[in-house]
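Next comes run.tsv, a file with TSV, C-alpha atoms and all ligand atoms.
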chain	number	residue	atom	x	y	z
G	1	MET	CA	-7.46	-14.97	-21.45
G	2	ALA	CA	-5.30	-12.97	-19.05
G	3	ARG	CA	-3.56	-15.14	-16.46
G	4	PRO	CA	-0.79	-14.75	-13.88
G	5	GLY	CA	2.53	-15.44	-15.63
G	6	ARG	CA	6.14	-14.81	-14.75
G	7	ILE	CA	6.79	-14.43	-11.01
G	8	LEU	CA	8.27	-10.98	-10.31
G	9	ILE	CA	8.51	-11.20	-6.53
G	10	SER	CA	8.65	-14.66	-4.98
G	11	GLU	CA	7.34	-15.70	-1.57
G	12	PRO	CA	10.83	-15.83	0.03
G	13	GLU	CA	11.67	-12.41	-1.44
G	14	LEU	CA	8.47	-10.94	0.02
G	15	LYS	CA	9.21	-12.46	3.41
G	16	ALA	CA	12.79	-11.20	3.51
G	17	ARG	CA	11.99	-7.66	2.41
G	18	ILE	CA	8.96	-7.32	4.69
G	19	GLY	CA	11.18	-8.47	7.56
G	20	GLU	CA	13.52	-5.57	6.77
G	21	LEU	CA	10.61	-3.11	6.59
G	22	GLY	CA	9.38	-4.37	9.95
G	23	ALA	CA	12.80	-3.66	11.43
G	24	ASP	CA	12.76	-0.16	9.90
G	25	LEU	CA	9.38	0.52	11.53
G	26	ALA	CA	10.62	-0.71	14.90
G	27	ARG	CA	13.62	1.62	14.60
G	28	ASP	CA	11.52	4.65	13.61
G	29	TYR	CA	8.44	4.19	15.81
G	30	GLY	CA	9.77	2.11	18.68
G	31	ARG	CA	10.77	5.03	20.88
G	32	GLY	CA	7.88	7.35	20.01
G	33	PRO	CA	5.70	8.89	22.71
G	34	SER	CA	2.68	6.85	21.62
G	35	SER	CA	1.93	3.83	19.51
G	36	PRO	CA	1.24	4.45	15.80
G	37	ILE	CA	-1.98	3.71	13.97
G	38	VAL	CA	-1.18	1.51	10.98
G	39	VAL	CA	-3.80	2.11	8.29
G	40	GLY	CA	-4.19	-0.53	5.58
G	41	VAL	CA	-5.71	0.61	2.30
G	42	LEU	CA	-8.31	-1.91	1.14
G	43	GLN	CA	-8.48	-4.13	-0.64
G	44	GLY	CA	-5.04	-4.46	-2.18
G	45	ALA	CA	-2.94	-4.04	0.96
G	46	PHE	CA	-4.63	-6.64	3.15
G	47	LEU	CA	-1.98	-9.37	2.82
G	48	PHE	CA	0.95	-6.95	2.97
G	49	MET	CA	-0.55	-5.30	6.04
G	50	ALA	CA	-1.01	-8.64	7.81
G	51	ASP	CA	2.60	-9.68	7.15
G	52	LEU	CA	4.08	-6.25	7.90
G	53	VAL	CA	2.50	-5.85	11.34
G	54	ARG	CA	3.68	-9.33	12.27
G	55	ALA	CA	7.21	-8.42	11.18
G	56	THR	CA	7.57	-5.50	13.58
G	57	GLN	CA	7.95	-5.82	17.34
G	58	ILE	CA	6.31	-2.59	18.47
G	59	ASP	CA	3.01	-1.68	20.04
G	60	LEU	CA	0.64	-0.50	17.34
G	61	THR	CA	-3.02	-0.12	16.51
G	62	THR	CA	-4.47	-1.24	13.19
G	63	ASP	CA	-7.27	0.25	11.15
G	64	PHE	CA	-8.39	0.10	7.54
G	65	ILE	CA	-9.69	2.50	4.96
G	66	GLY	CA	-11.48	1.41	1.82
G	67	VAL	CA	-11.14	3.58	-1.25
G	68	VAL	CA	-12.15	3.41	-4.89
G	69	SER	CA	-11.02	5.70	-7.66
G	70	TYR	CA	-13.73	7.78	-9.25
G	71	ALA	CA	-14.76	6.16	-12.51
G	72	GLY	CA	-13.90	8.16	-15.60
G	73	ALA	CA	-12.11	8.09	-18.88
G	74	GLN	CA	-8.83	8.99	-17.23
G	75	SER	CA	-7.58	8.74	-13.68
G	76	SER	CA	-8.35	11.96	-11.87
G	77	GLY	CA	-6.67	10.63	-8.77
G	78	HIS	CA	-9.76	11.50	-6.79
G	79	VAL	CA	-10.65	8.72	-4.44
G	80	ARG	CA	-13.95	8.03	-2.83
G	81	ILE	CA	-13.83	6.61	0.67
G	82	VAL	CA	-16.17	3.63	0.67
G	83	SER	CA	-15.23	2.43	4.15
G	84	ASP	CA	-13.79	4.99	6.54
G	85	LEU	CA	-11.42	4.60	9.49
G	86	SER	CA	-13.05	3.47	12.70
G	87	MET	CA	-11.11	5.92	14.88
G	88	SER	CA	-9.87	9.49	15.03
G	89	ILE	CA	-6.29	10.02	13.88
G	90	GLU	CA	-5.99	13.53	15.30
G	91	GLY	CA	-2.71	13.95	17.14
G	92	ARG	CA	-1.61	10.38	16.35
G	93	ASP	CA	1.31	8.97	14.38
G	94	VAL	CA	-0.20	7.39	11.28
G	95	LEU	CA	1.43	4.95	8.88
G	96	VAL	CA	-0.49	4.33	5.66
G	97	VAL	CA	0.14	0.88	4.19
G	98	GLU	CA	-0.56	0.84	0.46
G	99	ASP	CA	-0.12	-1.91	-2.12
G	100	ILE	CA	1.22	-0.01	-5.11
G	101	VAL	CA	2.01	3.46	-6.35
G	102	ASP	CA	1.65	3.95	-10.07
G	103	THR	CA	0.93	7.54	-11.22
G	104	GLY	CA	0.84	8.62	-7.56
G	105	LEU	CA	-2.50	10.39	-7.95
G	106	THR	CA	-4.51	8.10	-5.67
G	107	LEU	CA	-2.02	8.26	-2.84
G	108	THR	CA	-1.62	12.02	-3.16
G	109	TYR	CA	-5.36	12.44	-2.73
G	110	LEU	CA	-5.52	10.00	0.16
G	111	LYS	CA	-2.64	11.71	1.96
G	112	ARG	CA	-4.34	15.09	1.56
G	113	THR	CA	-7.58	13.66	2.96
G	114	LEU	CA	-5.83	12.20	6.00
G	115	GLU	CA	-3.66	15.30	6.59
G	116	ALA	CA	-6.88	17.32	6.92
G	117	ARG	CA	-7.65	15.24	10.04
G	118	HIS	CA	-4.50	16.58	11.73
G	119	PRO	CA	-2.44	13.52	12.59
G	120	ARG	CA	0.77	14.19	14.50
G	121	SER	CA	2.72	12.55	11.70
G	122	LEU	CA	1.77	10.81	8.47
G	123	ARG	CA	4.06	8.40	6.69
G	124	VAL	CA	3.53	5.96	3.85
G	125	CYS	CA	4.77	2.41	3.39
G	126	VAL	CA	4.22	0.95	-0.06
G	127	LEU	CA	4.97	-2.59	-1.16
G	128	VAL	CA	5.53	-1.92	-4.85
G	129	ASP	CA	6.63	1.25	-6.59
G	130	LYS	CA	6.22	1.64	-10.35
G	131	VAL	CA	8.44	4.67	-10.37
G	132	GLU	CA	8.63	5.17	-14.15
G	133	ARG	CA	4.85	5.76	-14.34
G	134	ARG	CA	4.84	8.58	-11.78
G	135	LYS	CA	2.91	11.75	-12.67
G	136	VAL	CA	3.04	13.50	-9.31
G	137	ASP	CA	5.77	13.43	-6.72
G	138	VAL	CA	4.27	11.75	-3.68
G	139	GLY	CA	6.52	11.28	-0.68
G	140	LEU	CA	7.12	7.60	0.10
G	141	ASP	CA	8.78	6.81	3.41
G	142	TYR	CA	9.18	3.04	3.04
G	143	VAL	CA	9.28	1.15	-0.27
G	144	GLY	CA	9.37	-2.63	-0.57
G	145	PHE	CA	10.19	-3.14	-4.23
G	146	THR	CA	10.60	-1.03	-7.34
G	147	ILE	CA	9.31	-2.72	-10.49
G	148	PRO	CA	9.10	-1.81	-14.18
G	149	ASN	CA	5.84	-0.85	-15.86
G	150	VAL	CA	4.04	-4.18	-15.89
G	151	PHE	CA	0.58	-4.98	-14.56
G	152	VAL	CA	0.96	-7.25	-11.55
G	153	VAL	CA	-1.37	-9.69	-9.82
G	154	GLY	CA	-1.12	-11.79	-6.67
G	155	TYR	CA	-0.35	-11.06	-3.02
G	156	GLY	CA	-3.30	-8.65	-2.81
G	157	PHE	CA	-3.19	-7.41	-6.40
G	158	ASP	CA	-6.20	-8.35	-8.51
G	159	TYR	CA	-7.26	-8.55	-12.11
G	160	GLU	CA	-11.04	-8.19	-12.33
G	161	GLY	CA	-11.31	-9.32	-8.72
G	162	LEU	CA	-9.19	-12.46	-9.13
G	163	TYR	CA	-5.71	-13.62	-8.05
G	164	ARG	CA	-5.40	-11.62	-4.82
G	165	ASN	CA	-4.79	-14.87	-2.96
G	166	LEU	CA	-1.61	-15.89	-4.79
G	167	PRO	CA	1.29	-15.94	-2.32
G	168	TYR	CA	3.64	-14.18	-4.79
G	169	VAL	CA	3.53	-11.19	-7.17
G	170	ALA	CA	3.33	-12.13	-10.85
G	171	ALA	CA	3.01	-10.31	-14.15
G	172	LEU	CA	-0.39	-10.57	-15.82
G	173	GLU	CA	0.08	-12.19	-19.19
G	174	GLY	CA	-2.04	-12.80	-22.25
G	175	GLU	CA	-4.17	-9.69	-21.97
S	1	LIG	P1	-2.20	5.54	-9.07
S	1	LIG	O1	-3.21	6.58	-8.66
S	1	LIG	O2	-0.92	5.57	-8.30
S	1	LIG	O3	-1.97	5.60	-10.56
S	1	LIG	O4	-2.94	4.18	-8.90
S	1	LIG	C1	-2.72	3.29	-7.92
S	1	LIG	C2	-3.79	2.22	-7.98
S	1	LIG	O5	-3.87	1.63	-9.29
S	1	LIG	C3	-3.43	1.11	-7.04
S	1	LIG	O6	-3.94	1.34	-5.75
S	1	LIG	C4	-4.05	-0.10	-7.72
S	1	LIG	O7	-5.40	-0.21	-7.34
S	1	LIG	C5	-4.01	0.23	-9.20
S	1	LIG	N1	-2.85	-0.39	-9.87
S	1	LIG	C6	-1.79	0.24	-10.41
S	1	LIG	N2	-0.92	-0.64	-10.95
S	1	LIG	C7	-1.44	-1.86	-10.74
S	1	LIG	C8	-1.00	-3.20	-11.07
S	1	LIG	O8	0.06	-3.44	-11.66
S	1	LIG	N3	-1.81	-4.22	-10.67
S	1	LIG	C9	-2.99	-4.01	-10.02
S	1	LIG	N4	-3.71	-5.09	-9.69
S	1	LIG	N5	-3.43	-2.78	-9.69
S	1	LIG	C10	-2.67	-1.71	-10.05

Would you kindly transcribe this structure into structure tokens?
Amino acid sequence: MARPGRILISEPELKARIGELGADLARDYGRGPSSPIVVGVLQGAFLFMADLVRATQIDLTTDFIGVVSYAGAQSSGHVRIVSDLSMSIEGRDVLVVEDIVDTGLTLTYLKRTLEARHPRSLRVCVLVDKVERRKVDVGLDYVGFTIPNVFVVGYGFDYEGLYRNLPYVAALEGE
């Protein structure tokens, strides 16, 4: 049975790096004309989002968007919005907070969808980047960690709905 195995990113490592990302956000958004809308992508980003917004000392608004990939034999990268934003992003500075970028297809589609709503700016902050799996070049503005091609669970990442609540990121083993 597949279980969480080797820890790839420990709790202290997450805390330290997210602290740095929070400082980066304060530097980049702190002097803007208006407060940004920080958009967490559900479900995977919920823990990262909660820690990231507490690590930055700027005025901001939070919102969430829930997406699922279209089912199919291979990833089309088309996402279906199952729970939309609660507010308009037109003319606003938007920061998308995503858990992981693998092929890049999902995020590319999501960015295109949000761009069509005419935000003033749109940036992306991702916790984990599996850069060697990339199929499309999707611009990432803030990256927490780059990891090799392993399937991870914990700290928001699930396997069949389980393990999101682990406080660290581990490799799934025994699949
Ligand atoms: P992409 O379109 O970039 O290939 O897919 C990104 C999505 O695939 C993520 O939002 C996530 O749902 C899923 N994913 C990719 N790699 C992993 C992984 O290592 N662990 C988990 N739990 N999900 C992953």

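You will find atom O7 of ligand LIG 1 (chain S) at 12.1 Å from CA of Asp129 (chain G).
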
Close residues, Pro36 (chain G) itself excluded, 8 Å, all atoms listed in the file, min 3 positions apart in chain, as a list in words
Tyr29, Asp59, Leu60, Thr61, Arg92, Asp93, Val94 and Leu95 of chain G

Atomic distance CA of Asp158 (chain G) - CA of Leu140 (chain G), expressed in Å with one decimal:
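Between CA of Asp158 (chain G) and CA of Leu140 (chain G) the gap works out to 22.5 Å.
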
Could you report the residues within 9 Å of ligand LIG 1 (chain S), using all atoms listed in the file, as a VMD selection string?
chain G and resid 41 to 45 67 to 69 75 to 79 98 to 109 128 to 130 133 to 136 149 to 154 156 to 161 163 to 164 171 to 172

Using all atoms listed in the file, which of G:Leu8, G:Leu162, G:Val124, G:Ala116 sits nearest Pro148 (chain G)?
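Among the listed residues, G:Leu8 lies closest to Pro148 (chain G).
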
Point-to-point distance in Å for CA of Asp24 (chain G) and CA of Gly40 (chain G)
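One can read the CA of Gly40 (chain G) to CA of Asp24 (chain G) distance as 17.5 Å.
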
Region 85-101 of chain G, all listed atoms, 8 Å padding on each side: what axis-aligned box centre and edge lengths in Å to one decimal come out, as JSON?
{"center_x": -5.5, "center_y": 6.0, "center_z": 5.4, "size_x": 31.1, "size_y": 31.9, "size_z": 39.5}

Neighbouring residues of Ile89 (chain G) were defined as those with any atom within 12 Å, considering all atoms listed in the file; residues of the same chain fewer than 3 positions away were excluded. Please report them as a VMD selection string.
chain G and resid 35 to 39 61 to 64 84 to 86 92 to 96 113 to 122

Check the smallest atom-to-atom distance from each of G:Ala26, G:Ile81, G:Ser34, G:Gly19 to Asp51 (chain G) using all atoms listed in the file, then report the winner.
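For Asp51 (chain G), the nearest of the candidates is G:Gly19.
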
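Shell of Glu11 (chain G) at 12 Å, with all atoms listed in the file counted and residues fewer than 6 places along the chain excluded, is Arg17, Ile18, Phe48, Asp51, Gly154, Tyr155, Leu166, Pro167, Tyr168, Val169 and Ala170 of chain G.
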
Which one of G:Gly66, G:Ile147, G:Pro4, G:Leu127 sits closest to Leu21 (chain G) if you count all atoms listed in the file?
G:Leu127
